[in-house]
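Chemist: Dropping a structure here in C-alpha cells format, bear with me for questions.
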Amino acid sequence: MKNSYLAIFSLGLATSAITVSPSAFAVDGLSANVAATNNYIWRGLEQTHGDAAVSGGIDYVSQSGFYIGTWTSNADWATSDTVDSGMTYELDIYGGYTGKFSNFDYDVGFTHYAYPDSDLDSDFTEVFGNITYGVLTLGYATLTNADGYSFGDDSFISADIDLTFASDLALNLHVGTGTDDFYAGESFVEYGIHLSKSNFSFGFSKNDLDGSELKAIISYAVDIDL
C-alpha cells in the first residue's frame with residue numbers, strides 16, 4: 001500500500017532531480033521516478049515486513065493542473081507466517097487536479113491500489129483531498145471500494161508540516177490517523193519525522209498499535225524528466 005509513499009512521505013521529500021539530455025521526443029510534463037528504501041512504510045504500516053523495497057513510476061502533469069500516473073513497488077503485506085497470499089508487488093494508478101485558491105494550494109484525486117498476483121482480493125480505491133497553507137498541509141482520504149467494504153467505510157486524516165532550511169535541507173513532521181477496520185484491523189495513530197537533502201531522506205516512523213516499534217527509514221529517490 002501505497003503510491004508515492006515508499007517510506008511514508010519521505011521519498012516525496014527527495015526533490016532534487018536529474019534531467020535527461022534534451023530529445024526531439026521529449027514530452028512537456030512527462031517524468032519518471034525511481035527509488036529505494038530500507039523499509040516500505042505506508043501510513044505507519046510496513047508493506048514488506050521490514051525488508052527493502054525498490055519502486056518506480058511515470059507521471060504526466062498538464063499545465064492546467066490535471067495529472068495522471070502509475071507507480072509500482074515490491075510489496076507482500078498480505079503474506080504472513082500463516083497466510084501465503086502470493087503477493088509480491090503493488091501497482092498503483094492515480095489521477096487528480098492541483099490548483100490554487102487565494103493563499104491555499106489544493107490537490108484532489110483518486111488512487112487505485114492493485115496487487116495483480118495476490119491470491120486474495122486485496123485491491124482497493126480511495127479518493128482524496130489535500131489543502132496546503134504555508135508550511136501546513138491537511139489531508140483526507142476515504143475508501144470508495146474494496147472486498148467487503150463500501151464507500152466511506154474507512155478514512156485517513158493527516159497533517160504535515162514541511163520546513164526548508166539552508167543548503168536545501170528539508171524537515172517533515174507528520175501525524176495521521178486511520179479509522180475503522182480496513183487499514184490496520186483497528187483505528188490507529190501514526191507519527192513520522194524525516195530529514196531530506198538532495199536525493200536522500202532519513203527519518204523515523206511509529207504507530208500506536210500493540211507491539212509497534214520505532215522504525216528508522218533511509219531512502220534514495222531520483223526524478224527524471226522525459
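In the C-alpha cells, chains take letters A, B, ... by order of appearance, with residues numbered from 1 within each chain and ligands from 1 in the order shown.
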Give me the residues within 7 Å of region 75-85 of chain A as a PyMOL selection string, counting only C-alpha atoms and dropping any in the same chain fewer than 2 places off.
Modeler: chain A and resi 47-49+73+87-90+118-120
Chemist: Would you mind listing, for every residue of region 80-181 of chain A within 6 Å of region 195-202 of chain A, the two atoms forming the shortest contact and the distance between them in Å to one decimal, using only C-alpha atoms, sorted by chain and ascending residue number, as CSV?
Modeler:
residue,atom,partner,partner_atom,distance
A:Leu169,CA,A:Lys197,CA,4.9
A:Ala170,CA,A:Ser196,CA,5.1
A:Leu171,CA,A:Leu195,CA,4.7
Chemist: Keeping N, CA and C atoms, export the residues of the selection given above as an mmCIF file, in the first residue's frame.
Modeler:
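So the final result, stored in again-v8.cif, reads:
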data_model
loop_
_atom_site.group_PDB
_atom_site.id
_atom_site.type_symbol
_atom_site.label_atom_id
_atom_site.label_comp_id
_atom_site.auth_asym_id
_atom_site.auth_seq_id
_atom_site.Cartn_x
_atom_site.Cartn_y
_atom_site.Cartn_z
ATOM 1 N N LEU A 169 18.138 21.703 2.979
ATOM 2 C CA LEU A 169 17.769 20.695 3.961
ATOM 3 C C LEU A 169 16.303 20.869 4.306
ATOM 4 N N ALA A 170 15.522 19.780 4.190
ATOM 5 C CA ALA A 170 14.080 19.845 4.421
ATOM 6 C C ALA A 170 13.694 18.961 5.594
ATOM 7 N N LEU A 171 12.761 19.449 6.402
ATOM 8 C CA LEU A 171 12.254 18.710 7.549
ATOM 9 C C LEU A 171 10.756 18.531 7.397
#
Chemist: I need the alpha helix (DSSP H) residues of chain A per DSSP on the backbone, written as a list of chain:residue names.
Modeler: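 Matching residues for alpha helix (DSSP H) in chain A are A:Ser10, A:Leu11, A:Gly12, A:Leu13.
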Chemist: So that I can check the surroundings of His174 (chain A), please list as a PyMOL selection string every protein, DNA and RNA residue that reaches within 8 Å of it, counting only C-alpha atoms and ignoring chain neighbours fewer than 4 positions away.
Modeler: chain A and resi 158-161+191-193
Chemist: Convert the current residue selection to file output with C-alpha atoms, as a compact mmCIF listing (two decimals), in the first residue's frame.
Modeler:
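Wrote again12.txt, looks like this:
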# COMPACT_ATOMS: atom_id res chain seq x y z
CA SER A 158 -3.25 13.56 8.16
CA ALA A 159 -1.35 16.73 8.96
CA ASP A 160 2.15 17.61 7.72
CA ILE A 161 4.49 20.50 8.40
CA TYR A 191 3.75 9.71 13.59
CA GLY A 192 6.76 10.49 11.46
CA ILE A 193 9.73 12.82 11.21
Chemist: With distances taken over only C-alpha atoms, which residue among A:Ala216, A:Leu226, A:Ala221, A:Val27 lies nearest Gly50 (chain A)?
Modeler: A:Ala216
Chemist: Using only C-alpha atoms, find the one residue out of A:Pro116, A:Gly44, A:Gly95, A:Gly29 that sits nearest to Leu209 (chain A).
Modeler: A:Gly44
Chemist: Record the distance separating CA of Asn33 (chain A) and CA of Gly134 (chain A), expressed in Å with one decimal.
Modeler: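 Going from CA of Asn33 (chain A) over to CA of Gly134 (chain A), I get 26.1 Å.
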Chemist: Select, from A:Phe110, A:Trp71, A:Tyr94, A:Phe156, the residue with the minimum atom-to-atom distance to Gly139 (chain A), counting only C-alpha atoms.
Modeler: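 Of the candidates, the smallest distance to Gly139 (chain A) is held by A:Phe156.
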Chemist: What's around Val61 (chain A) at 9 Å? Count only C-alpha atoms, leave out sequence neighbours fewer than 2 positions away in its own chain, and write the answer as an NGL selection string.
Modeler: :A and (28-31 or 59 or 63-69)
Chemist: Looking only at the backbone, which of the residues in region 3-223 of chain A does DSSP tag as strand (DSSP E or B), as number ranges by chain?
Modeler: A: 17-19, 30-37, 41-42, 45-46, 53-61, 66-74, 89-101, 104-114, 124-133, 136-146, 149, 155-164, 170-179, 188-197, 200-207, 215-223
Chemist: Of the residues A:Ala114, A:Val189, A:Ile224, A:Ala141, which is the one nearest to Ile58 (chain A), using only C-alpha atoms?
Modeler: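 The shortest atom-to-atom distance to Ile58 (chain A) comes from A:Ile224.
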Chemist: What does the distance from CA of Asp153 (chain A) to CA of Asp121 (chain A) come to in Å, to one decimal?
Modeler: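 Those two atoms sit 16.9 Å apart.
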Chemist: Which of these residues is nearest to Val54 (chain A), using only C-alpha atoms: A:Gly86, A:Gly109, A:Ala36, A:Trp42?
Modeler: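 Residue with the minimum atom-to-atom distance to Val54 (chain A): A:Ala36.
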